[in-house]
>>> print(open('model_27.txt').read())   # compact mmCIF, C-alpha atoms and all ligand atoms
# COMPACT_ATOMS: atom_id res chain seq x y z
CA GLN A 1 173.09 93.23 131.60
CA SER A 2 170.74 90.62 133.07
CA LYS A 3 167.49 92.40 132.18
CA GLU A 4 164.98 90.73 129.87
CA TYR A 5 164.63 92.65 126.56
CA ALA A 6 167.16 95.23 127.90
CA GLU A 7 170.46 93.41 127.58
CA PRO A 8 172.79 96.09 126.13
CA GLU A 9 175.37 97.65 128.44
CA TRP A 10 175.33 101.37 129.31
CA TYR A 11 177.40 102.67 126.38
CA ALA A 12 175.09 100.91 123.89
CA ASP A 13 172.06 102.28 125.78
CA ILE A 14 173.32 105.85 125.34
CA TRP A 15 173.93 105.22 121.65
CA LEU A 16 170.36 103.90 121.32
CA VAL A 17 169.03 107.12 122.87
CA VAL A 18 170.97 109.19 120.32
CA ILE A 19 169.56 107.13 117.40
CA TRP A 20 166.06 107.36 118.84
CA LEU A 21 166.31 111.17 119.15
CA VAL A 22 167.34 111.37 115.48
CA TYR A 23 164.27 109.28 114.63
CA PHE A 24 162.08 111.62 116.71
CA ALA A 25 163.55 114.66 114.93
CA LEU A 26 162.70 113.06 111.56
CA TYR A 27 159.19 112.36 112.76
CA LEU A 28 158.70 115.97 113.95
CA ARG A 29 160.10 117.41 110.70
CA THR A 30 157.70 115.23 108.70
CA LEU A 31 154.80 116.27 110.91
CA ALA A 32 155.69 119.95 110.56
CA ARG A 33 155.64 119.63 106.75
CA ARG A 34 152.13 118.15 106.55
CA HIS A 35 149.48 119.68 104.26
CA GLU A 36 146.55 118.96 106.62
CA PRO A 37 146.03 121.34 109.56
CA HIS A 38 144.65 118.46 111.65
CA ILE A 39 146.96 115.76 113.04
CA TYR A 40 145.25 112.47 112.20
CA VAL A 41 145.00 109.93 115.05
CA ALA A 42 147.52 107.52 113.43
CA ASN A 43 150.21 110.12 114.04
CA TRP A 44 149.20 110.38 117.70
CA TYR A 45 150.00 106.68 118.05
CA TYR A 46 153.39 107.15 116.39
CA MET A 47 154.15 110.06 118.70
CA ALA A 48 153.23 107.95 121.77
CA PHE A 49 155.34 105.06 120.41
CA ILE A 50 158.45 107.22 120.05
CA LEU A 51 158.12 109.21 123.28
CA VAL A 52 157.11 106.39 125.63
CA VAL A 53 159.73 103.94 124.32
CA ALA A 54 162.38 106.62 125.01
CA MET A 55 161.06 107.15 128.54
CA LEU A 56 160.98 103.39 129.30
CA HIS A 57 164.43 102.78 127.89
CA ILE A 58 166.02 105.60 129.87
CA VAL A 59 164.39 104.78 133.23
CA ASN A 60 164.96 101.00 133.05
CA ASN A 61 168.60 101.43 132.00
CA LEU A 62 169.69 103.96 134.62
CA ALA A 63 172.99 102.49 135.73
CA LEU A 64 176.35 103.40 137.23
CA PRO A 65 179.32 102.23 135.10
CA VAL A 66 182.01 100.39 137.08
CA SER A 67 184.62 102.50 135.30
CA LEU A 68 185.02 104.09 131.90
CA ARG A 69 187.47 101.34 130.86
CA VAL A 70 185.23 98.37 131.73
CA ALA A 71 182.00 97.72 129.85
CA GLU A 72 180.10 96.72 133.00
CA SER A 73 177.72 98.70 135.18
CA PHE A 74 175.33 98.36 138.12
CA PRO A 75 171.64 99.27 137.72
CA ILE A 76 170.58 101.98 140.15
CA TRP A 77 167.49 99.89 141.00
CA SER A 78 167.83 96.81 143.17
CA GLY A 79 165.73 93.94 144.55
CA VAL A 80 161.98 94.10 144.06
CA GLN A 81 162.13 97.73 142.85
CA ASP A 82 164.38 96.55 140.02
CA ALA A 83 161.89 93.80 139.14
CA MET A 84 159.01 96.32 139.15
CA VAL A 85 160.87 98.85 136.98
CA GLN A 86 161.87 96.00 134.61
CA TRP A 87 158.25 94.90 134.13
CA TRP A 88 156.93 98.44 133.96
CA TYR A 89 159.39 98.71 131.05
CA GLY A 90 158.64 95.19 129.75
CA HIS A 91 154.89 95.46 129.50
CA ASN A 92 154.97 98.97 128.15
CA ALA A 93 157.36 97.69 125.51
CA VAL A 94 154.46 95.38 124.51
CA ALA A 95 152.15 98.37 124.51
CA PHE A 96 154.27 101.01 122.85
CA PHE A 97 156.88 99.04 120.90
CA LEU A 98 154.62 96.18 119.78
CA THR A 99 151.21 97.88 119.65
CA ALA A 100 151.04 101.71 119.44
CA GLY A 101 152.90 102.11 116.10
CA PHE A 102 150.94 99.19 114.63
CA LEU A 103 147.66 100.78 115.74
CA GLY A 104 148.88 103.85 113.84
CA MET A 105 149.22 101.59 110.76
CA LEU A 106 145.77 100.10 111.33
CA TYR A 107 144.12 103.52 111.63
CA TYR A 108 145.85 104.68 108.45
CA PHE A 109 145.95 101.72 106.06
CA LEU A 110 142.58 100.11 106.83
CA PRO A 111 140.47 103.19 105.84
CA VAL A 112 142.73 103.81 102.81
CA ARG A 113 142.46 100.25 101.52
CA SER A 114 138.76 99.78 102.25
CA GLY A 115 137.85 103.23 100.91
CA ARG A 116 135.77 103.91 104.04
CA PRO A 117 136.31 106.59 106.69
CA ILE A 118 137.10 105.30 110.17
CA TRP A 119 133.80 104.25 111.79
CA SER A 120 134.09 106.59 114.79
CA TYR A 121 136.87 109.13 114.97
CA ARG A 122 135.77 110.13 118.46
CA LEU A 123 136.14 106.53 119.64
CA SER A 124 139.64 106.36 118.15
CA ILE A 125 140.69 109.36 120.27
CA LEU A 126 139.04 107.92 123.40
CA SER A 127 140.79 104.58 122.92
CA PHE A 128 144.08 106.38 122.36
CA TRP A 129 143.91 108.06 125.77
CA GLY A 130 142.53 104.88 127.35
CA ILE A 131 145.45 102.80 126.08
CA VAL A 132 148.06 105.40 127.05
CA PHE A 133 146.63 105.71 130.56
CA PHE A 134 145.79 102.09 131.42
CA TYR A 135 148.87 100.35 129.96
CA ILE A 136 151.26 102.29 132.19
CA TRP A 137 149.83 100.56 135.31
CA VAL A 138 149.74 96.90 134.28
CA GLY A 139 153.42 95.79 134.41
CA SER A 140 153.02 94.13 137.82
CA HIS A 141 150.85 91.35 136.29
CA HIS A 142 154.21 89.81 135.25
CA LEU A 143 155.14 89.52 138.94
CA HIS A 144 152.20 87.63 140.43
CA TYR A 145 153.13 85.43 143.41
CA THR A 146 156.49 87.17 143.90
CA ALA A 147 157.97 89.37 146.66
CA LEU A 148 156.20 92.37 145.10
CA PRO A 149 153.59 93.70 147.59
CA TYR A 150 150.25 91.96 147.07
CA TRP A 151 148.33 95.22 146.52
CA VAL A 152 150.71 96.21 143.68
CA GLN A 153 149.98 92.87 141.97
CA THR A 154 146.24 93.44 142.46
CA LEU A 155 146.56 96.94 141.00
CA GLY A 156 148.26 95.54 137.88
CA MET A 157 145.64 92.82 137.55
CA THR A 158 142.73 95.30 137.87
CA PHE A 159 144.15 97.74 135.33
CA SER A 160 144.83 94.81 132.95
CA VAL A 161 141.15 93.87 132.99
CA MET A 162 140.13 97.51 132.46
CA LEU A 163 142.59 97.73 129.55
CA LEU A 164 140.32 95.46 127.58
CA VAL A 165 137.88 98.36 127.08
CA PRO A 166 140.15 100.69 125.02
CA SER A 167 141.76 97.66 123.30
CA TRP A 168 138.43 96.35 122.08
CA ALA A 169 137.35 99.88 121.19
CA SER A 170 140.18 100.00 118.61
CA ALA A 171 139.58 96.45 117.33
CA GLY A 172 135.80 97.11 117.12
CA ASN A 173 136.31 100.48 115.42
CA ALA A 174 138.45 98.79 112.76
CA ILE A 175 135.94 96.00 112.14
CA ALA A 176 132.97 98.42 112.06
CA THR A 177 134.88 100.51 109.47
CA LEU A 178 134.65 97.50 107.15
CA ASN A 179 130.83 97.62 107.20
CA GLY A 180 129.78 98.20 103.63
CA ALA A 181 133.14 96.92 102.35
CA TRP A 182 132.84 93.22 103.19
CA HIS A 183 132.89 92.32 99.49
CA LYS A 184 136.36 93.93 99.34
CA VAL A 185 137.50 91.86 102.33
CA ARG A 186 136.39 88.77 100.44
CA ASP A 187 138.13 89.70 97.18
CA ASP A 188 141.24 91.58 98.35
CA ALA A 189 143.82 89.56 100.33
CA THR A 190 145.60 92.79 101.37
CA LEU A 191 142.50 94.14 103.11
CA ARG A 192 141.89 90.65 104.56
CA PHE A 193 145.35 90.81 106.20
CA MET A 194 144.22 94.01 107.96
CA PHE A 195 140.89 92.50 108.99
CA VAL A 196 142.63 89.43 110.46
CA ALA A 197 145.09 91.73 112.26
CA ALA A 198 142.19 93.58 113.93
CA VAL A 199 140.57 90.27 114.94
CA PHE A 200 143.85 88.97 116.44
CA TYR A 201 144.35 92.29 118.20
CA GLY A 202 140.96 91.76 119.88
CA LEU A 203 141.71 88.10 120.68
CA SER A 204 145.22 88.59 122.05
CA THR A 205 144.20 91.49 124.29
CA PHE A 206 141.27 89.45 125.61
CA GLU A 207 143.68 86.59 126.35
CA GLY A 208 146.15 89.00 128.02
CA SER A 209 143.51 90.47 130.31
CA PHE A 210 142.41 86.94 131.21
CA MET A 211 145.97 85.73 131.92
CA ALA A 212 146.56 88.76 134.15
CA ILE A 213 143.94 87.46 136.62
CA ARG A 214 146.01 85.98 139.46
CA PRO A 215 144.58 82.41 139.63
CA VAL A 216 144.68 82.09 135.82
CA ASN A 217 148.29 83.28 135.87
CA SER A 218 149.17 80.58 138.42
CA LEU A 219 148.44 78.07 135.64
CA SER A 220 149.80 80.00 132.64
CA HIS A 221 153.02 81.51 134.04
CA TYR A 222 156.27 79.71 133.05
CA THR A 223 154.37 77.66 130.45
CA ASP A 224 154.03 77.82 126.68
CA TRP A 225 150.61 79.40 127.12
CA THR A 226 152.54 82.69 127.47
CA VAL A 227 154.38 81.87 124.21
CA ALA A 228 151.00 81.25 122.51
CA HIS A 229 149.75 84.63 123.75
CA VAL A 230 152.97 86.38 122.65
CA HIS A 231 152.63 85.06 119.10
CA SER A 232 148.91 85.65 118.76
CA GLY A 233 149.96 89.28 119.36
CA THR A 234 153.20 89.40 117.39
CA LEU A 235 152.21 87.14 114.46
CA GLY A 236 148.41 87.42 114.38
CA TRP A 237 148.28 91.15 115.03
CA VAL A 238 151.67 92.80 114.40
CA ALA A 239 152.88 90.74 111.42
CA MET A 240 149.45 90.74 109.68
CA ILE A 241 149.04 94.52 109.82
CA VAL A 242 152.62 94.88 108.55
CA PHE A 243 151.89 92.58 105.57
CA GLY A 244 148.74 94.60 104.81
CA ALA A 245 150.79 97.81 104.93
CA ILE A 246 153.56 96.33 102.72
CA TYR A 247 151.08 95.22 100.05
CA THR A 248 149.49 98.69 100.03
CA LEU A 249 152.79 100.60 99.95
CA VAL A 250 154.97 98.58 97.57
CA PRO A 251 152.83 99.07 94.42
CA GLN A 252 152.37 102.70 95.47
CA LEU A 253 156.10 103.33 95.73
CA SER A 254 156.74 101.47 92.48
CA GLY A 255 154.17 103.52 90.59
CA ARG A 256 152.11 100.42 89.80
CA GLU A 257 148.45 99.65 90.26
CA ALA A 258 148.91 96.35 92.05
CA MET A 259 151.49 93.79 93.14
CA ALA A 260 153.23 91.95 90.28
CA TRP A 261 151.75 88.58 91.34
CA PRO A 262 148.29 89.15 92.86
CA ARG A 263 147.69 85.40 93.35
CA ALA A 264 150.84 85.13 95.43
CA VAL A 265 149.33 87.61 97.92
CA GLU A 266 146.42 85.20 98.29
CA TRP A 267 148.86 82.31 98.89
CA HIS A 268 150.78 84.33 101.43
CA PHE A 269 147.57 85.19 103.26
CA TRP A 270 146.54 81.56 103.75
CA LEU A 271 150.07 80.43 104.67
CA ALA A 272 150.39 83.24 107.25
CA VAL A 273 146.96 82.70 108.82
CA GLY A 274 147.26 78.88 108.72
CA GLY A 275 150.81 78.94 110.15
CA THR A 276 149.85 81.34 112.94
CA LEU A 277 146.87 79.20 113.92
CA VAL A 278 148.99 76.01 113.93
CA TYR A 279 151.60 77.82 116.06
CA ILE A 280 149.26 79.21 118.70
CA ILE A 281 146.90 76.24 118.94
CA SER A 282 149.87 73.89 119.50
CA MET A 283 151.33 76.25 122.13
CA TRP A 284 147.99 76.55 123.95
CA ASN A 285 147.88 72.76 124.21
CA ALA A 286 151.54 72.63 125.24
CA GLY A 287 151.09 75.33 127.91
CA ILE A 288 147.97 73.88 129.48
CA THR A 289 149.53 70.39 129.47
CA GLN A 290 152.64 71.74 131.23
CA GLY A 291 150.60 73.74 133.77
CA LEU A 292 148.43 70.73 134.62
CA MET A 293 151.36 68.26 134.80
CA TRP A 294 153.22 70.56 137.22
CA ARG A 295 150.26 70.74 139.59
CA THR A 296 149.10 67.10 139.62
CA TYR A 297 149.79 65.28 142.91
CA ASP A 298 149.39 61.62 143.87
CA GLN A 299 147.59 60.40 147.01
CA HIS A 300 150.78 60.91 149.09
CA GLY A 301 151.01 64.57 148.12
CA ALA A 302 154.04 64.00 145.86
CA LEU A 303 154.22 65.37 142.31
CA SER A 304 152.86 62.82 139.81
CA TYR A 305 155.19 63.90 136.99
CA SER A 306 158.87 64.80 136.93
CA PHE A 307 159.93 67.95 135.08
CA LEU A 308 161.62 65.77 132.45
CA GLN A 309 158.33 64.00 131.73
CA SER A 310 156.68 67.37 131.12
CA VAL A 311 159.49 68.25 128.66
CA GLU A 312 159.04 64.91 126.85
CA ALA A 313 155.31 65.53 126.55
CA MET A 314 156.08 68.66 124.51
CA ALA A 315 157.56 66.81 121.49
CA PRO A 316 154.42 66.74 119.29
CA TYR A 317 153.56 70.37 120.07
CA TYR A 318 157.07 71.60 119.25
CA LEU A 319 156.99 69.67 115.97
CA LEU A 320 153.67 71.31 115.13
CA ARG A 321 155.09 74.72 116.00
CA ALA A 322 158.00 74.06 113.63
CA LEU A 323 155.45 73.27 110.90
CA GLY A 324 153.53 76.50 111.65
CA GLY A 325 156.80 78.46 111.61
CA ALA A 326 157.79 76.91 108.26
CA MET A 327 154.44 77.94 106.76
CA ILE A 328 154.88 81.51 108.02
CA LEU A 329 158.44 81.64 106.70
CA THR A 330 157.38 80.30 103.28
CA GLY A 331 154.69 83.01 103.09
CA ALA A 332 157.22 85.68 104.03
CA VAL A 333 159.65 84.50 101.31
CA ILE A 334 156.82 84.63 98.74
CA CYS A 335 156.07 88.17 99.95
CA ALA A 336 159.71 89.24 99.55
CA LEU A 337 159.93 87.78 96.01
CA ASN A 338 156.64 89.43 95.08
CA CYS A 339 157.91 92.79 96.36
CA ARG A 340 161.11 92.40 94.35
CA ALA A 341 159.18 91.51 91.20
CA THR A 342 156.86 94.52 91.73
CA MET A 343 159.71 96.95 92.28
CA ARG A 344 161.73 95.60 89.35
CA ALA A 345 158.88 95.81 86.85
CA THR A 346 158.80 99.61 87.02
CA PRO A 347 161.58 101.62 88.63
CA MET A 348 160.35 103.85 91.43
CA THR A 349 159.46 107.33 90.17
CA ALA A 350 159.04 110.54 92.12
CA GLU A 351 155.43 110.83 90.83
CA GLY A 352 154.68 107.31 91.99
CA ALA A 353 155.94 108.04 95.47
CA ASP A 354 154.08 111.37 95.69
CA ARG A 355 150.72 110.02 94.55
CA PRO A 356 148.29 109.99 97.54
CA LEU A 357 147.57 106.46 98.74
CA GLY A 358 144.44 104.87 97.35
CA VAL A 359 144.59 106.97 94.14
CA GLN A 360 145.35 104.79 91.13
CA PRO A 361 147.87 106.06 88.52
CA ALA A 362 146.48 107.33 85.19
CA GLU A 363 147.09 104.79 82.44
C1 LIG B 401 145.03 94.06 126.98
C2 LIG B 401 146.24 93.78 126.51
C3 LIG B 401 147.19 92.75 127.10
C4 LIG B 401 147.28 92.28 128.39
C5 LIG B 401 146.43 92.65 129.60
C6 LIG B 401 148.38 91.32 128.40
C7 LIG B 401 148.74 90.56 129.50
C8 LIG B 401 149.78 89.67 129.55
C9 LIG B 401 150.06 88.73 130.61
C10 LIG B 401 149.21 88.55 131.87
C11 LIG B 401 151.20 88.06 130.29
C12 LIG B 401 151.87 86.94 131.08
C13 LIG B 401 152.70 87.45 132.18
C14 LIG B 401 153.42 86.34 132.91
O1 LIG B 401 152.78 85.37 133.35
O2 LIG B 401 154.66 86.43 133.05
C15 LIG B 401 151.67 88.60 129.02
C16 LIG B 401 152.84 88.24 128.41
C17 LIG B 401 153.26 88.78 127.21
N1 LIG B 401 152.50 89.54 126.35
FE1 LIG B 401 150.68 90.29 126.70
N2 LIG B 401 148.92 91.24 127.15
C18 LIG B 401 148.23 92.09 126.32
C19 LIG B 401 148.45 92.28 124.97
C20 LIG B 401 149.59 91.87 124.30
C21 LIG B 401 149.89 92.13 122.91
C22 LIG B 401 148.94 92.84 121.94
C23 LIG B 401 151.15 91.64 122.67
C24 LIG B 401 151.97 91.65 121.42
C25 LIG B 401 151.77 92.38 120.38
C26 LIG B 401 151.62 91.05 123.92
C27 LIG B 401 152.88 90.51 124.12
C28 LIG B 401 153.27 89.86 125.25
C29 LIG B 401 154.62 89.33 125.44
C30 LIG B 401 155.81 89.47 124.48
C31 LIG B 401 154.61 88.66 126.68
C32 LIG B 401 155.75 87.83 127.28
C33 LIG B 401 156.60 88.66 128.18
C34 LIG B 401 157.71 87.81 128.77
O3 LIG B 401 157.50 87.14 129.78
O4 LIG B 401 158.81 87.82 128.17
N3 LIG B 401 150.65 91.19 124.86
N4 LIG B 401 150.77 89.56 128.58
C1 LIG B 402 157.89 82.19 112.02
C2 LIG B 402 157.51 82.96 113.00
C3 LIG B 402 158.00 82.80 114.43
C4 LIG B 402 158.42 81.67 115.09
C5 LIG B 402 158.48 80.22 114.56
C6 LIG B 402 158.78 82.08 116.45
C7 LIG B 402 159.26 81.22 117.42
C8 LIG B 402 159.61 81.59 118.72
C9 LIG B 402 160.16 80.71 119.72
C10 LIG B 402 160.48 79.24 119.52
C11 LIG B 402 160.31 81.44 120.87
C12 LIG B 402 160.86 80.95 122.22
C13 LIG B 402 159.72 80.53 123.10
C14 LIG B 402 160.23 79.99 124.44
O1 LIG B 402 160.76 80.77 125.22
O2 LIG B 402 160.05 78.80 124.68
C15 LIG B 402 159.86 82.78 120.60
C16 LIG B 402 159.83 83.80 121.52
C17 LIG B 402 159.46 85.12 121.25
N1 LIG B 402 159.07 85.62 120.02
FE1 LIG B 402 158.78 84.52 118.32
N2 LIG B 402 158.56 83.43 116.59
C18 LIG B 402 158.10 83.91 115.37
C19 LIG B 402 157.78 85.23 115.08
C20 LIG B 402 157.85 86.30 115.97
C21 LIG B 402 157.58 87.68 115.63
C22 LIG B 402 157.16 88.18 114.23
C23 LIG B 402 157.76 88.40 116.78
C24 LIG B 402 157.61 89.89 117.02
C25 LIG B 402 156.99 90.76 116.23
C26 LIG B 402 158.14 87.46 117.84
C27 LIG B 402 158.37 87.82 119.16
C28 LIG B 402 158.78 86.95 120.16
C29 LIG B 402 158.98 87.35 121.55
C30 LIG B 402 158.75 88.73 122.15
C31 LIG B 402 159.41 86.18 122.24
C32 LIG B 402 159.75 86.06 123.73
C33 LIG B 402 158.53 85.54 124.46
C34 LIG B 402 158.69 85.31 125.95
O3 LIG B 402 159.72 85.70 126.52
O4 LIG B 402 157.78 84.73 126.56
N3 LIG B 402 158.19 86.21 117.31
N4 LIG B 402 159.44 82.86 119.27
>>> encode(input="model_27.txt", output="structure tokens")
Amino acid sequence: QSKEYAEPEWYADIWLVVIWLVYFALYLRTLARRHEPHIYVANWYYMAFILVVAMLHIVNNLALPVSLRVAESFPIWSGVQDAMVQWWYGHNAVAFFLTAGFLGMLYYFLPVRSGRPIWSYRLSILSFWGIVFFYIWVGSHHLHYTALPYWVQTLGMTFSVMLLVPSWASAGNAIATLNGAWHKVRDDATLRFMFVAAVFYGLSTFEGSFMAIRPVNSLSHYTDWTVAHVHSGTLGWVAMIVFGAIYTLVPQLSGREAMAWPRAVEWHFWLAVGGTLVYIISMWNAGITQGLMWRTYDQHGALSYSFLQSVEAMAPYYLLRALGGAMILTGAVICALNCRATMRATPMTAEGADRPLGVQPAE
């Protein structure tokens, strides 16, 4: 199927819905068995993640199979409507697949690890509803300067700028939670992963809102600037919060006080942050170089550079990206070995797994 991020054919799509419903049932069962009467905000984000991803997947993949014997099908959407549904799906995949669940992690693991309650619970609820409401409208910023009606593009652009408010509310809430725990951020690489994740969440959403403004998008679209933005979100924000969560959970599940090799966590932190910065800074340069080369004209009104020249100009940036990627990969391998060493040292026990997070085992 020729849809970005939605390639599987109809029979695989139906199978994915079945799997997703099983996942939802597991989530609801877990929620029903909770000891707290209140449902903490992290679970709201997980609920939004599961429900909205299901809705997006079903609507974007509505299709008529050619026959039951052939694997092919025709989408029920066509032309510009198809493009709009695809990017309504695509951008909400960013929001609910690549952000909502990770915000759930941030709201859970950051207070646990820093030993501080979330700075403003009320703000966390407000930003939840803000994100759920605003994100749904922004997909058309992927279709600037296309056949999509101009006012629909403007609507997407306007909502994208407004989206910065709830996004920064979450990032700010996380950073303000660390007030009074900055010494822990300095000493504990696991908490530092979470802090850096919150900072990158703020930076990548600022960049996204900026790139959604039509004239800015005329420069950034089709270039590696988009790739820089993607990875400041997926590496700087998503991967960092995941590493923070892994380093909190693995000792917990192994019934140990800390990771087997605490210094390796420190190494991983610097490799991950350094590699991500090398990656995105090289892609910013690559993207802006491409955008400017494609819009430079000579005195006769002809393009000054051929497309091939703009590809050749990318060589140093792509080499740098490979270096950044290698640093990130090395850090991830260290993380995997550290997890294995931690889990091997003490076999997982039921008591270890049941101990509430943040409570150290009795010696
Ligand atoms: C306020 C929040 C955000 C806004 C307004 C926003 C806006 C944008 C814009 C304008 C583009 C470029 C569209 C184009 O020219 O085709 C884009 C691309 C993208 N963004 Fe964001 N962004 C936000 C946050 C994020 C985050 C946090 C992530 C990841 C965790 C992310 C992942 C992506 C991806 C994967 C693409 C590339 C889509 C594609 O063309 O394949 N965005 N975003
Ligand atoms: C070592 C780390 C990583 C490296 C070296 C890397 C590299 C790349 C490369 C080379 C591309 C193709 C860019 C192009 O179209 O020219 C890409 C695209 C993409 N990557 Fe990564 N990546 C990494 C980690 C991740 C992670 C952890 C995620 C998600 C959590 C991710 C999500 C994406 C997405 C969504 C795209 C498509 C972007 C678009 O269509 O504009 N990447 N990545």
>>> closest_residue(input="model_27.txt", among="A:Pro262, A:Gly325, A:Gly101, A:Gly291", to="Asn338 in chain A", atoms="all atoms listed in the file")
A:Pro262
>>> closest_atom_pairs(input="model_27.txt", of="chain A", to="ligand LIG 402 (chain B)", cutoff="9 Å", atoms="only C-alpha atoms and all ligand atoms", output="JSON lines")
{"residue": "A:Glu4", "atom": "CA", "partner": "B:LIG402", "partner_atom": "O3", "distance": 8.0}
{"residue": "A:Tyr5", "atom": "CA", "partner": "B:LIG402", "partner_atom": "C30", "distance": 8.3}
{"residue": "A:Val94", "atom": "CA", "partner": "B:LIG402", "partner_atom": "C30", "distance": 8.3}
{"residue": "A:Leu98", "atom": "CA", "partner": "B:LIG402", "partner_atom": "C25", "distance": 6.9}
{"residue": "A:Tyr222", "atom": "CA", "partner": "B:LIG402", "partner_atom": "O4", "distance": 8.3}
{"residue": "A:Thr223", "atom": "CA", "partner": "B:LIG402", "partner_atom": "O2", "distance": 8.2}
{"residue": "A:Asp224", "atom": "CA", "partner": "B:LIG402", "partner_atom": "O2", "distance": 6.4}
{"residue": "A:Trp225", "atom": "CA", "partner": "B:LIG402", "partner_atom": "O4", "distance": 9.0}
{"residue": "A:Thr226", "atom": "CA", "partner": "B:LIG402", "partner_atom": "O4", "distance": 5.7}
{"residue": "A:Val227", "atom": "CA", "partner": "B:LIG402", "partner_atom": "O4", "distance": 5.0}
{"residue": "A:Ala228", "atom": "CA", "partner": "B:LIG402", "partner_atom": "O4", "distance": 8.6}
{"residue": "A:His229", "atom": "CA", "partner": "B:LIG402", "partner_atom": "O4", "distance": 8.5}
{"residue": "A:Val230", "atom": "CA", "partner": "B:LIG402", "partner_atom": "C33", "distance": 5.9}
{"residue": "A:His231", "atom": "CA", "partner": "B:LIG402", "partner_atom": "N3", "distance": 6.0}
{"residue": "A:Gly233", "atom": "CA", "partner": "B:LIG402", "partner_atom": "C25", "distance": 7.8}
{"residue": "A:Thr234", "atom": "CA", "partner": "B:LIG402", "partner_atom": "C25", "distance": 4.2}
{"residue": "A:Leu235", "atom": "CA", "partner": "B:LIG402", "partner_atom": "C22", "distance": 5.1}
{"residue": "A:Gly236", "atom": "CA", "partner": "B:LIG402", "partner_atom": "C22", "distance": 8.8}
{"residue": "A:Trp237", "atom": "CA", "partner": "B:LIG402", "partner_atom": "C25", "distance": 8.8}
{"residue": "A:Val238", "atom": "CA", "partner": "B:LIG402", "partner_atom": "C25", "distance": 6.0}
{"residue": "A:Ala239", "atom": "CA", "partner": "B:LIG402", "partner_atom": "C22", "distance": 5.7}
{"residue": "A:Ala272", "atom": "CA", "partner": "B:LIG402", "partner_atom": "C1", "distance": 9.0}
{"residue": "A:Gly275", "atom": "CA", "partner": "B:LIG402", "partner_atom": "C1", "distance": 8.0}
{"residue": "A:Thr276", "atom": "CA", "partner": "B:LIG402", "partner_atom": "C2", "distance": 7.8}
{"residue": "A:Tyr279", "atom": "CA", "partner": "B:LIG402", "partner_atom": "C5", "distance": 7.4}
{"residue": "A:Tyr318", "atom": "CA", "partner": "B:LIG402", "partner_atom": "C10", "distance": 8.4}
{"residue": "A:Arg321", "atom": "CA", "partner": "B:LIG402", "partner_atom": "C5", "distance": 6.6}
{"residue": "A:Ala322", "atom": "CA", "partner": "B:LIG402", "partner_atom": "C5", "distance": 6.2}
{"residue": "A:Leu323", "atom": "CA", "partner": "B:LIG402", "partner_atom": "C5", "distance": 8.4}
{"residue": "A:Gly324", "atom": "CA", "partner": "B:LIG402", "partner_atom": "C5", "distance": 6.8}
{"residue": "A:Gly325", "atom": "CA", "partner": "B:LIG402", "partner_atom": "C5", "distance": 3.8}
{"residue": "A:Ala326", "atom": "CA", "partner": "B:LIG402", "partner_atom": "C1", "distance": 6.5}
{"residue": "A:Met327", "atom": "CA", "partner": "B:LIG402", "partner_atom": "C1", "distance": 7.6}
{"residue": "A:Ile328", "atom": "CA", "partner": "B:LIG402", "partner_atom": "C1", "distance": 5.1}
{"residue": "A:Leu329", "atom": "CA", "partner": "B:LIG402", "partner_atom": "C1", "distance": 5.4}
{"residue": "A:Thr330", "atom": "CA", "partner": "B:LIG402", "partner_atom": "C1", "distance": 9.0}
{"residue": "A:Ala332", "atom": "CA", "partner": "B:LIG402", "partner_atom": "C1", "distance": 8.7}
>>> residues_around(input="model_27.txt", residues="Phe200 in chain A", least_positions_apart="2", cutoff="7 Å", atoms="all atoms listed in the file", output="list of chain:residue names")
A:Val196, A:Ala197, A:Ala198, A:Gly202, A:Leu203, A:Ser204, A:Ser232, A:Gly233, A:Gly236, A:Trp237
>>> write_last_selection(input="model_27.txt", atoms="C-alpha atoms", output="PDB file, in the coordinates of the input")
ATOM      1  CA  VAL A 196     142.630  89.430 110.460  1.00  0.00           C
ATOM      2  CA  ALA A 197     145.090  91.730 112.260  1.00  0.00           C
ATOM      3  CA  ALA A 198     142.190  93.580 113.930  1.00  0.00           C
ATOM      4  CA  GLY A 202     140.960  91.760 119.880  1.00  0.00           C
ATOM      5  CA  LEU A 203     141.710  88.100 120.680  1.00  0.00           C
ATOM      6  CA  SER A 204     145.220  88.590 122.050  1.00  0.00           C
ATOM      7  CA  SER A 232     148.910  85.650 118.760  1.00  0.00           C
ATOM      8  CA  GLY A 233     149.960  89.280 119.360  1.00  0.00           C
ATOM      9  CA  GLY A 236     148.410  87.420 114.380  1.00  0.00           C
ATOM     10  CA  TRP A 237     148.280  91.150 115.030  1.00  0.00           C
TER      11      TRP A 237
END
>>> atom_distance(input="model_27.txt", atom1="CA of Tyr305 in chain A", atom2="atom C34 of ligand LIG 401 (chain B)")
25.4 Å
>>> atom_distance(input="model_27.txt", atom1="CA of Ser2 in chain A", atom2="CA of Pro75 in chain A")
9.9 Å
>>> closest_residue(input="model_27.txt", among="A:Val152, A:Met240, A:Leu320, A:Met343", to="Ala258 in chain A", atoms="all atoms listed in the file")
A:Met343
>>> axis_aligned_box(input="model_27.txt", around="ligand LIG 401 (chain B)", padding_each_side="8 Å", output="AutoDock Vina command-line options")
--center_x 151.9 --center_y 89.7 --center_z 126.9 --size_x 29.8 --size_y 24.7 --size_z 29.0
>>> closest_residue(input="model_27.txt", among="A:Ala169, A:Val273, A:Val53, A:Ala245", to="ligand LIG 401 (chain B)", atoms="all atoms listed in the file")
A:Ala169
>>> closest_residue(input="model_27.txt", among="A:Val138, A:Cys335, A:Met105, A:Ile131", to="His268 in chain A", atoms="all atoms listed in the file")
A:Cys335
